[in-house]
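Next comes upload-v3.txt, a file with compact mmCIF, C-alpha atoms.
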```txt
# COMPACT_ATOMS: atom_id res chain seq x y z
CA MET U 1 -11.08 -17.36 6.49
CA LEU U 2 -14.12 -15.12 7.02
CA ARG U 3 -15.64 -17.74 9.33
CA ASP U 4 -12.73 -17.16 11.72
CA VAL U 5 -14.05 -14.41 14.03
CA PRO U 6 -10.66 -12.96 15.13
CA PHE U 7 -9.53 -12.79 11.50
CA LEU U 8 -12.89 -11.34 10.43
CA ARG U 9 -12.39 -8.54 12.96
CA LEU U 10 -8.84 -7.96 11.73
CA TRP U 11 -10.02 -8.04 8.11
CA SER U 12 -12.76 -5.52 8.88
CA GLY U 13 -10.30 -3.16 10.55
CA THR U 14 -7.72 -3.28 7.77
CA THR U 15 -10.45 -2.91 5.13
CA ALA U 16 -11.87 0.13 6.91
CA SER U 17 -8.42 1.76 7.16
CA GLY U 18 -7.73 1.04 3.49
CA LEU U 19 -11.09 2.45 2.42
CA ALA U 20 -10.56 5.59 4.50
CA THR U 21 -7.08 6.02 3.05
CA TRP U 22 -8.32 5.65 -0.54
CA ALA U 23 -11.48 7.73 -0.11
CA LEU U 24 -10.01 10.99 1.20
CA PRO U 25 -8.19 12.07 -2.01
CA PHE U 26 -11.25 11.17 -4.12
CA ILE U 27 -13.62 13.09 -1.83
CA LEU U 28 -11.34 16.13 -1.78
CA GLY U 29 -11.25 15.88 -5.56
CA LEU U 30 -15.03 16.37 -5.46
CA ALA U 31 -14.36 19.48 -3.35
CA VAL U 32 -12.22 20.82 -6.19
CA LEU U 33 -15.09 20.24 -8.60
CA ASP U 34 -17.54 22.19 -6.44
CA ARG U 35 -14.92 24.92 -5.92
CA SER U 36 -14.76 24.63 -2.13
CA LEU U 37 -11.08 23.67 -2.55
CA THR U 38 -8.56 24.76 -5.16
CA ALA U 39 -6.34 22.34 -7.07
CA ALA U 40 -3.30 23.86 -5.34
CA GLY U 41 -5.00 23.41 -1.98
CA LEU U 42 -5.67 19.76 -2.79
CA GLY U 43 -1.97 19.31 -3.57
CA ILE U 44 -0.97 20.88 -0.24
CA VAL U 45 -3.37 18.71 1.76
CA LEU U 46 -2.28 15.48 0.05
CA ALA U 47 1.40 16.43 0.39
CA ALA U 48 0.87 17.00 4.12
CA ARG U 49 -0.79 13.60 4.43
CA THR U 50 2.11 11.93 2.63
CA ALA U 51 4.62 13.71 4.89
CA GLY U 52 2.72 12.47 7.94
CA PHE U 53 2.69 8.94 6.54
CA VAL U 54 6.42 8.86 5.79
CA GLY U 55 7.31 10.31 9.19
CA ALA U 56 5.09 7.90 11.14
CA VAL U 57 5.86 4.61 9.38
CA PRO U 58 9.22 4.00 11.13
CA LEU U 59 7.82 5.28 14.43
CA GLY U 60 4.86 2.91 14.13
CA GLY U 61 7.19 0.00 13.40
CA VAL U 62 9.28 0.66 16.51
CA LEU U 63 6.24 1.17 18.75
CA ALA U 64 4.49 -1.96 17.43
CA ASP U 65 7.56 -4.04 18.33
CA ARG U 66 8.08 -2.25 21.62
CA TYR U 67 4.48 -2.45 22.84
CA SER U 68 1.25 -4.23 21.87
CA ARG U 69 0.54 -4.22 18.12
CA ARG U 70 -3.16 -3.93 18.96
CA ALA U 71 -2.51 -0.82 21.06
CA VAL U 72 -0.62 0.85 18.21
CA VAL U 73 -3.51 0.14 15.83
CA LEU U 74 -5.94 1.58 18.39
CA TRP U 75 -4.11 4.84 18.97
CA ALA U 76 -3.15 5.31 15.33
CA GLY U 77 -6.75 4.80 14.23
CA LEU U 78 -8.13 7.09 16.93
CA SER U 79 -5.65 9.81 15.96
CA ALA U 80 -6.81 9.67 12.36
CA ALA U 81 -10.47 9.57 13.44
CA VAL U 82 -10.08 12.66 15.65
CA ALA U 83 -8.10 14.64 13.04
CA THR U 84 -10.38 13.89 10.08
CA PRO U 85 -13.28 16.17 11.19
CA LEU U 86 -10.79 19.06 11.34
CA ILE U 87 -10.25 18.62 7.59
CA ALA U 88 -14.00 19.11 7.14
CA VAL U 89 -13.93 22.17 9.44
CA GLY U 90 -11.08 23.75 7.47
CA LEU U 91 -12.65 23.01 4.08
CA GLY U 92 -13.22 26.29 2.28
CA GLY U 93 -11.79 28.22 5.22
CA SER U 94 -8.45 27.44 6.85
CA MET U 95 -5.83 25.78 4.66
CA PRO U 96 -3.28 25.53 7.56
CA LEU U 97 -5.86 23.65 9.65
CA MET U 98 -6.60 21.27 6.77
CA ALA U 99 -2.89 20.64 6.15
CA LEU U 100 -2.16 20.02 9.84
CA ALA U 101 -5.14 17.69 10.24
CA SER U 102 -4.21 15.84 7.04
CA ALA U 103 -0.67 15.33 8.35
CA VAL U 104 -2.09 13.75 11.51
CA VAL U 105 -4.36 11.50 9.44
CA GLY U 106 -1.35 10.46 7.35
CA ALA U 107 0.59 9.76 10.54
CA GLY U 108 -2.21 7.52 11.79
CA GLN U 109 -2.24 5.73 8.46
CA GLY U 110 1.54 5.28 8.51
CA ALA U 111 1.69 4.06 12.11
CA CYS U 112 -1.02 1.44 11.66
CA ARG U 113 0.38 -0.16 8.48
CA PRO U 114 3.32 -2.06 10.04
CA ALA U 115 1.25 -2.77 13.15
CA PHE U 116 -1.48 -4.41 11.04
CA GLN U 117 1.16 -6.50 9.25
CA ALA U 118 2.58 -7.76 12.53
CA LEU U 119 -0.87 -8.27 14.04
CA THR U 120 -1.79 -10.53 11.12
CA ALA U 121 1.10 -12.83 12.05
CA GLU U 122 -0.23 -13.00 15.61
CA VAL U 123 -3.89 -13.61 14.74
CA VAL U 124 -3.48 -16.04 11.81
CA ASP U 125 -1.44 -19.24 11.94
CA GLU U 126 1.28 -19.66 9.31
CA PRO U 127 -0.45 -22.20 6.98
CA ARG U 128 -3.39 -19.82 6.44
CA ARG U 129 -1.55 -16.49 6.15
CA GLN U 130 -1.40 -16.47 2.36
CA GLN U 131 -5.18 -16.88 2.25
CA ALA U 132 -5.52 -14.16 4.89
CA ASN U 133 -3.34 -11.71 2.97
CA ALA U 134 -5.22 -12.51 -0.23
CA ALA U 135 -8.55 -11.84 1.50
CA MET U 136 -7.28 -8.47 2.69
CA THR U 137 -6.04 -7.39 -0.71
CA LEU U 138 -9.31 -8.58 -2.28
CA ALA U 139 -11.19 -6.21 0.02
CA VAL U 140 -8.92 -3.32 -0.98
CA ARG U 141 -9.38 -4.01 -4.69
CA VAL U 142 -13.17 -4.36 -4.43
CA THR U 143 -13.46 -1.02 -2.62
CA THR U 144 -11.17 0.59 -5.20
CA LEU U 145 -13.32 -0.78 -8.01
CA LEU U 146 -16.70 0.12 -6.53
CA GLY U 147 -15.73 3.09 -4.37
CA PRO U 148 -15.69 5.90 -6.97
CA GLY U 149 -19.23 5.15 -8.12
CA LEU U 150 -20.48 4.82 -4.56
CA ALA U 151 -18.81 8.07 -3.47
CA ALA U 152 -20.18 9.93 -6.48
CA LEU U 153 -23.65 8.56 -5.72
CA LEU U 154 -23.44 9.62 -2.07
CA ALA U 155 -22.23 13.06 -3.16
CA THR U 156 -25.67 13.66 -4.67
CA VAL U 157 -27.26 13.54 -1.20
CA ILE U 158 -24.34 14.34 1.17
CA ASP U 159 -22.02 17.32 0.87
CA VAL U 160 -18.24 16.96 0.74
CA ALA U 161 -17.80 17.77 4.43
CA GLY U 162 -20.23 14.98 5.30
CA LEU U 163 -18.29 12.51 3.15
CA VAL U 164 -15.05 13.53 4.88
CA LEU U 165 -16.72 12.90 8.26
CA ALA U 166 -17.73 9.44 7.01
CA THR U 167 -14.04 8.55 6.65
CA ALA U 168 -13.62 9.43 10.35
CA LEU U 169 -16.15 6.69 11.11
CA LEU U 170 -14.10 4.28 9.02
CA TRP U 171 -11.04 5.15 11.11
CA LEU U 172 -13.05 4.42 14.26
CA VAL U 173 -13.83 0.96 12.87
CA ALA U 174 -10.13 0.45 12.09
CA ALA U 175 -9.21 1.47 15.63
CA LEU U 176 -11.85 -0.38 17.64
CA VAL U 177 -12.77 -3.56 15.77
CA PRO U 178 -9.47 -5.55 15.36
CA PRO U 179 -8.85 -8.29 17.95
CA ARG U 180 -6.06 -8.62 20.44
CA GLY U 181 -3.05 -10.48 19.12
CA GLY U 182 -0.49 -12.61 20.90
CA THR U 183 2.24 -11.39 23.19
CA VAL U 184 5.02 -11.23 20.64
CA GLY U 185 7.05 -8.08 21.12
CA ASP U 186 10.59 -6.91 21.59
CA THR U 187 10.90 -7.13 25.36
CA VAL U 188 14.51 -8.29 25.50
CA GLY U 189 15.72 -8.18 29.07
CA GLY U 190 12.65 -6.24 30.14
CA ALA U 191 14.69 -3.06 29.73
CA PRO U 192 12.82 0.24 29.96
CA ARG U 193 12.32 1.94 26.62
CA ASP U 194 12.48 5.67 26.04
CA SER U 195 12.53 7.99 23.06
CA THR U 196 16.33 8.05 22.95
CA ARG U 197 16.25 4.38 22.00
CA PHE U 198 14.18 4.97 18.87
CA VAL U 199 17.08 5.17 16.40
CA ALA U 200 18.81 2.17 17.95
CA GLU U 201 15.64 0.09 17.82
CA PHE U 202 14.90 1.02 14.22
CA ALA U 203 18.52 0.24 13.31
CA ASP U 204 18.03 -3.16 14.93
CA GLY U 205 15.14 -3.73 12.55
CA VAL U 206 17.35 -2.73 9.62
CA ARG U 207 19.95 -5.25 10.76
CA GLU U 208 17.26 -7.94 10.86
CA ALA U 209 16.28 -7.01 7.29
CA ARG U 210 19.91 -7.31 6.17
CA ARG U 211 20.01 -10.89 7.45
CA HIS U 212 17.61 -11.80 4.63
CA PRO U 213 19.18 -11.07 1.20
CA TRP U 214 15.95 -12.04 -0.57
CA PHE U 215 14.12 -9.30 1.35
CA LEU U 216 16.58 -6.58 0.39
CA ALA U 217 16.54 -7.72 -3.24
CA GLY U 218 12.75 -7.93 -3.41
CA LEU U 219 12.33 -4.56 -1.72
CA GLY U 220 14.79 -2.99 -4.15
CA ALA U 221 12.87 -4.43 -7.10
CA LEU U 222 9.51 -3.31 -5.70
CA THR U 223 10.80 0.21 -5.04
CA ALA U 224 12.24 0.42 -8.56
CA VAL U 225 8.98 -0.72 -10.17
CA ILE U 226 6.85 1.70 -8.17
CA ALA U 227 9.22 4.64 -8.67
CA THR U 228 9.44 4.10 -12.43
CA GLY U 229 6.63 2.01 -13.93
CA TYR U 230 3.86 3.06 -11.57
CA SER U 231 4.90 6.71 -11.62
CA ALA U 232 5.30 6.79 -15.40
CA THR U 233 1.89 5.33 -16.08
CA ALA U 234 0.24 7.59 -13.47
CA VAL U 235 1.64 10.67 -15.21
CA VAL U 236 1.62 9.58 -18.86
CA LEU U 237 -1.58 7.53 -19.09
CA PRO U 238 -3.86 10.60 -18.77
CA LEU U 239 -1.83 12.36 -21.48
CA VAL U 240 -1.97 9.38 -23.82
CA SER U 241 -5.68 8.96 -23.20
CA ARG U 242 -6.33 12.59 -24.09
CA ASP U 243 -3.83 13.20 -26.90
CA ARG U 244 -3.68 9.83 -28.69
CA TYR U 245 -7.19 8.48 -28.22
CA GLY U 246 -9.04 11.78 -27.77
CA THR U 247 -11.08 10.62 -24.78
CA GLU U 248 -10.68 10.20 -21.04
CA ALA U 249 -12.56 6.91 -21.34
CA VAL U 250 -9.29 5.10 -22.08
CA LEU U 251 -7.86 6.38 -18.79
CA ALA U 252 -10.88 5.20 -16.80
CA ALA U 253 -11.04 1.83 -18.58
CA ALA U 254 -7.32 1.15 -18.14
CA LEU U 255 -7.48 1.84 -14.39
CA THR U 256 -10.56 -0.36 -14.10
CA ALA U 257 -8.77 -3.10 -16.04
CA TYR U 258 -5.83 -2.86 -13.63
CA THR U 259 -8.09 -3.26 -10.61
CA ALA U 260 -9.97 -6.15 -12.23
CA GLY U 261 -6.65 -7.84 -12.97
CA ALA U 262 -5.56 -7.35 -9.36
CA LEU U 263 -8.79 -8.95 -8.18
CA ALA U 264 -8.14 -11.95 -10.41
CA GLY U 265 -4.55 -12.13 -9.19
CA ALA U 266 -5.63 -12.11 -5.54
CA LEU U 267 -8.14 -14.90 -6.17
CA LEU U 268 -5.48 -16.94 -7.95
CA VAL U 269 -2.77 -16.52 -5.35
CA ALA U 270 -5.13 -17.35 -2.49
CA ARG U 271 -4.91 -21.00 -3.63
CA TRP U 272 -1.76 -21.22 -5.76
CA ARG U 273 1.34 -22.50 -3.98
CA PRO U 274 4.20 -22.73 -6.51
CA THR U 275 7.37 -24.43 -5.36
CA ALA U 276 9.53 -21.49 -6.47
CA ARG U 277 7.18 -18.99 -4.84
CA GLY U 278 9.75 -16.20 -4.77
CA TRP U 279 10.56 -16.47 -8.47
CA ALA U 280 6.85 -16.65 -9.30
CA ALA U 281 6.23 -13.51 -7.23
CA LEU U 282 9.10 -11.61 -8.86
CA ALA U 283 7.88 -12.67 -12.30
CA GLY U 284 4.50 -11.22 -11.38
CA LEU U 285 6.15 -7.97 -10.30
CA GLY U 286 8.00 -7.81 -13.62
CA CYS U 287 4.66 -7.99 -15.45
CA TYR U 288 4.10 -4.35 -14.53
CA GLY U 289 6.51 -3.48 -17.33
CA VAL U 290 3.85 -4.24 -19.93
CA ALA U 291 1.84 -1.21 -18.74
CA PRO U 292 4.35 1.50 -19.79
CA LEU U 293 5.24 -0.65 -22.81
CA SER U 294 1.62 -0.55 -24.03
CA LEU U 295 1.70 3.26 -24.00
CA LEU U 296 4.74 3.48 -26.27
CA LEU U 297 3.05 2.81 -29.60
CA PRO U 298 -0.30 3.85 -31.15
CA VAL U 299 -1.96 0.48 -30.51
CA HIS U 300 -5.65 -0.26 -30.25
CA PRO U 301 -7.07 0.68 -26.81
CA ALA U 302 -7.84 -3.00 -26.20
CA VAL U 303 -4.09 -3.67 -26.11
CA VAL U 304 -3.68 -1.04 -23.39
CA PHE U 305 -6.55 -2.55 -21.39
CA ALA U 306 -5.07 -6.05 -21.70
CA ALA U 307 -1.68 -4.79 -20.57
CA TYR U 308 -3.21 -3.22 -17.49
CA VAL U 309 -5.04 -6.46 -16.67
CA VAL U 310 -1.72 -8.31 -16.84
CA ALA U 311 -0.05 -5.67 -14.65
CA GLY U 312 -2.86 -5.97 -12.09
CA VAL U 313 -2.65 -9.76 -11.97
CA GLY U 314 1.11 -9.58 -11.62
CA ILE U 315 1.18 -7.07 -8.78
CA GLU U 316 -0.97 -9.32 -6.58
CA LEU U 317 1.02 -12.40 -7.55
CA PHE U 318 3.86 -10.47 -5.91
CA ASN U 319 2.15 -8.66 -3.03
CA VAL U 320 0.45 -11.59 -1.31
CA PRO U 321 3.44 -14.00 -1.24
CA TRP U 322 5.69 -11.05 -0.34
CA PHE U 323 3.70 -10.10 2.76
CA THR U 324 3.31 -13.76 3.69
CA ALA U 325 7.06 -14.38 3.41
CA ILE U 326 7.87 -11.38 5.60
CA GLN U 327 5.44 -12.61 8.26
CA ARG U 328 6.97 -16.10 8.06
CA GLU U 329 10.70 -15.39 7.82
CA ILE U 330 11.33 -12.26 9.89
CA GLU U 331 11.98 -12.62 13.61
CA PRO U 332 8.57 -11.98 15.24
CA ALA U 333 9.90 -9.40 17.72
CA LYS U 334 11.20 -7.29 14.81
CA LEU U 335 8.45 -7.89 12.28
CA ALA U 336 6.80 -4.47 12.56
CA ARG U 337 10.10 -2.63 12.12
CA VAL U 338 11.01 -4.63 9.02
CA SER U 339 7.48 -4.08 7.64
CA SER U 340 7.85 -0.35 8.28
CA LEU U 341 11.08 -0.38 6.26
CA ASP U 342 9.16 -2.08 3.44
CA PHE U 343 6.41 0.56 3.40
CA LEU U 344 8.83 3.44 3.89
CA LEU U 345 10.97 2.60 0.86
CA SER U 346 8.39 1.19 -1.52
CA TYR U 347 5.25 3.26 -1.06
CA GLY U 348 6.67 6.12 1.00
CA LEU U 349 9.09 7.10 -1.76
CA ALA U 350 6.51 6.79 -4.55
CA PRO U 351 5.83 10.57 -4.53
CA VAL U 352 9.50 11.14 -5.40
CA GLY U 353 9.06 9.13 -8.58
CA LEU U 354 5.85 10.98 -9.40
CA ALA U 355 7.61 14.32 -8.93
CA LEU U 356 10.51 13.37 -11.23
CA ILE U 357 8.60 11.76 -14.10
CA ALA U 358 7.04 14.96 -15.49
CA PRO U 359 10.40 16.84 -15.71
CA ALA U 360 11.96 13.72 -17.25
CA VAL U 361 9.23 13.66 -19.91
CA ASP U 362 9.93 17.32 -20.68
CA VAL U 363 13.68 16.68 -21.03
CA PHE U 364 13.84 13.24 -22.68
CA GLY U 365 10.40 12.81 -24.21
CA VAL U 366 7.56 10.40 -23.54
CA THR U 367 8.99 7.56 -25.61
CA ALA U 368 12.37 7.51 -23.84
CA VAL U 369 10.82 7.74 -20.38
CA LEU U 370 8.27 4.98 -21.00
CA GLY U 371 10.88 2.75 -22.63
CA GLY U 372 13.34 3.27 -19.79
CA CYS U 373 10.69 2.61 -17.16
CA ALA U 374 9.59 -0.60 -18.90
CA VAL U 375 13.19 -1.84 -18.99
CA VAL U 376 13.59 -1.12 -15.25
CA CYS U 377 10.34 -2.97 -14.50
CA PHE U 378 11.58 -6.05 -16.35
CA LEU U 379 15.20 -6.02 -15.19
CA ALA U 380 14.83 -5.13 -11.49
CA PRO U 381 12.80 -8.26 -10.56
CA ALA U 382 15.04 -10.39 -12.80
CA ALA U 383 18.12 -9.13 -10.95
CA ALA U 384 16.42 -9.75 -7.59
CA ALA U 385 15.73 -13.35 -8.65
CA LEU U 386 19.49 -13.98 -8.80
CA VAL U 387 20.00 -13.20 -5.10
CA PRO U 388 20.36 -16.17 -2.72
CA GLY U 389 17.06 -17.08 -1.08
CA SER U 390 14.92 -15.35 -3.70
CA ARG U 391 13.76 -18.59 -5.28
CA ARG U 392 11.48 -19.38 -2.32
CA PHE U 393 11.69 -16.11 -0.30
CA HIS U 394 13.44 -18.18 2.36
```

Kindly transcribe the structure held in the file into structure tokens.
Amino acid sequence: MLRDVPFLRLWSGTTASGLATWALPFILGLAVLDRSLTAAGLGIVLAARTAGFVGAVPLGGVLADRYSRRAVVLWAGLSAAVATPLIAVGLGGSMPLMALASAVVGAGQGACRPAFQALTAEVVDEPRRQQANAAMTLAVRVTTLLGPGLAALLATVIDVAGLVLATALLWLVAALVPPRGGTVGDTVGGAPRDSTRFVAEFADGVREARRHPWFLAGLGALTAVIATGYSATAVVLPLVSRDRYGTEAVLAAALTAYTAGALAGALLVARWRPTARGWAALAGLGCYGVAPLSLLLPVHPAVVFAAYVVAGVGIELFNVPWFTAIQREIEPAKLARVSSLDFLLSYGLAPVGLALIAPAVDVFGVTAVLGGCAVVCFLAPAAAALVPGSRRFH
């Protein structure tokens, strides 16, 4: 795939946007360590970015179906690139400026996600899309695995503001490097489009999603797993690492094991073509349940690491066929809107789960919360597998 120049350009752009998205919270975390930003300030900035993301995802989906997907990527990336230096300017000075700039960066991130998904379907022919999606997720996992060490190393020679500015350069790459796609777009009747049509156009995308029961079922399962299993492990794993094992090394090793498992899963799914691809993907999604399950009992740390490897493998066994199926099955003129619905409900609502897990732990206890989340992770994909069309995502 990387010998295909248009795909290589698309891959480079999506990788740059993913790296910029991942890097900002980590870099601002370094700002907390050097006391140029408070922990509360970090929370405000990241909350503003999430709000920008959630607000822009549906808008980006509509615009990417209304106009050129490449143009939406360009303007979304440029918006994030222009706003990022303002975060550096506000660092240690103006919290309102940082929050506003972070919201714009989040909006750029949210607008480009569905546009990139639809652009992939235009640049890559259908037989190679699963390989293409696997190559993209491989890049994300590699940067996640190597990024913290690289950022920490750079922090010894570049200050935090300089690292923030580096993410602006990544957004420029995301904006300028991707190729032009095809001419697929929602141009029915050549009717003029205005802002009053936004709700109607997004609703049209929702109707397209409802035509595919497997999509609704899979999205429901994915949202349930992220809101419960992912959120529970994000909140509880640090506590278990500290209180049960007496070291933060278990936390770091478990997260590394998850990323390593995801890398292995992406490599596997790049070539694997099971007949019941939908059921195989949903089974992979259900594997995430072993992560909260491993935190229930005082097991050896190796058991926790193995569980996180399995969860990482499983999540990519789901992600890659899921994206590929959406690109294959959804009407091309509505692909970006349906993709925006996917991101809005699955990843956009993840902060809600994170916000609710800690109070739930206080009320019901760690054991009950982890057990309940594990059950949801197992049952939600199993229930989705019973829906017509889920066997092959078709």

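Going from atom CA of U:Leu154 over to atom CA of U:Leu86, you cover 20.7 Å.
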
Atom-to-atom span, atom CA of U:Ile87 and atom CA of U:Ala227, Å: 29.0 Å

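Residue nearest U:Ala47 within the list U:Ala380, U:Ala103, U:Met95, U:Arg180: U:Ala103 [criterion: smallest interatomic distance, all atoms listed in the file].
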
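Put simply, atom CA of U:Ala266 is 5.3 Å away from atom CA of U:Ala134.
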
Quick one: everything within 12 Å of U:Phe26, counting all atoms listed in the file, minus sequence neighbours fewer than 6 positions away in the same chain. Send it as a list of chain:residue names. U:Leu19, U:Ala20, U:Val32, U:Leu33, U:Leu42, U:Leu46, U:Thr144, U:Gly147, U:Pro148, U:Gly149, U:Leu150, U:Ala151, U:Ala152, U:Ala155, U:Val160, U:Leu163, U:Val164, U:Thr167

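Of the residues listed (U:Leu119, U:Leu153, U:Ala217, U:Ala51), U:Ala51 shows the shortest atom-to-atom separation from U:Gly106; distances use only C-alpha atoms.
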
Counting all atoms listed in the file, write as a ChimeraX atom specification all protein and nucleic acid residues lying at most 12 Å from (-6.1, -5.4, -4.4) in the file's frame. /U:15,18-19,22,133-145,256,258-267,269,311-320

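Here the question is which of U:Leu296, U:Ala76, U:Val89, U:Leu386 gets nearest to U:Leu63 using only C-alpha atoms, and that residue is U:Ala76.
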
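Using all atoms listed in the file, the shortest contact distance between U:Arg69 and any of U:Arg128, U:Tyr308, U:Pro332, U:Gly41 is found at U:Pro332.
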
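Take the candidates U:Gly205, U:Gly353, U:Gly43, U:Gly55 and check each one against U:Met98 using all atoms listed in the file; the shortest distance goes to U:Gly43.
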
Judged by all atoms listed in the file, the minimum distance to U:Ala64 among U:Cys112, U:Gly218, U:Ser12, U:Arg392 is found for U:Cys112

If you count all atoms listed in the file, which residues fall within 7 Å of U:Val304, apart from same-chain ones fewer than 5 positions away, as a ChimeraX atom specification? /U:254,294-295

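Near stretch 361-365 of chain U, within a cut-off of 12 Å and counting all atoms listed in the file, sit the residues Ser231, Ala232, Thr233, Val235, Val236, Leu239, Leu296, Leu354, Ala355, Leu356, Ile357, Ala358, Ala368, Val369, Leu370, Gly371, Gly372 and Cys373 of chain U, with same-chain residues fewer than 3 positions away left out.
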
Written file, previous selection with C-alpha atoms, as a compact mmCIF listing (two decimals), in the coordinates of the input:
```
# COMPACT_ATOMS: atom_id res chain seq x y z
CA SER U 231 4.90 6.71 -11.62
CA ALA U 232 5.30 6.79 -15.40
CA THR U 233 1.89 5.33 -16.08
CA VAL U 235 1.64 10.67 -15.21
CA VAL U 236 1.62 9.58 -18.86
CA LEU U 239 -1.83 12.36 -21.48
CA LEU U 296 4.74 3.48 -26.27
CA LEU U 354 5.85 10.98 -9.40
CA ALA U 355 7.61 14.32 -8.93
CA LEU U 356 10.51 13.37 -11.23
CA ILE U 357 8.60 11.76 -14.10
CA ALA U 358 7.04 14.96 -15.49
CA ALA U 368 12.37 7.51 -23.84
CA VAL U 369 10.82 7.74 -20.38
CA LEU U 370 8.27 4.98 -21.00
CA GLY U 371 10.88 2.75 -22.63
CA GLY U 372 13.34 3.27 -19.79
CA CYS U 373 10.69 2.61 -17.16
```

Using all atoms of stretch 270-283 of chain U that appear in the file, construct an axis-aligned enclosing box with 4 Å of padding on every side and provide its centre coordinates and edge lengths in Å, rounded to one decimal, as lines of an AutoDock Vina configuration file.
```
center_x = 2.7
center_y = -18.0
center_z = -7.4
size_x = 23.7
size_y = 20.8
size_z = 17.8
```

Counting only C-alpha atoms, I want the residues whose atoms come within 12 Å of (19.2, -20.7, 2.0) in the file frame, returned as number ranges by chain. U: 211-214, 329, 387-394
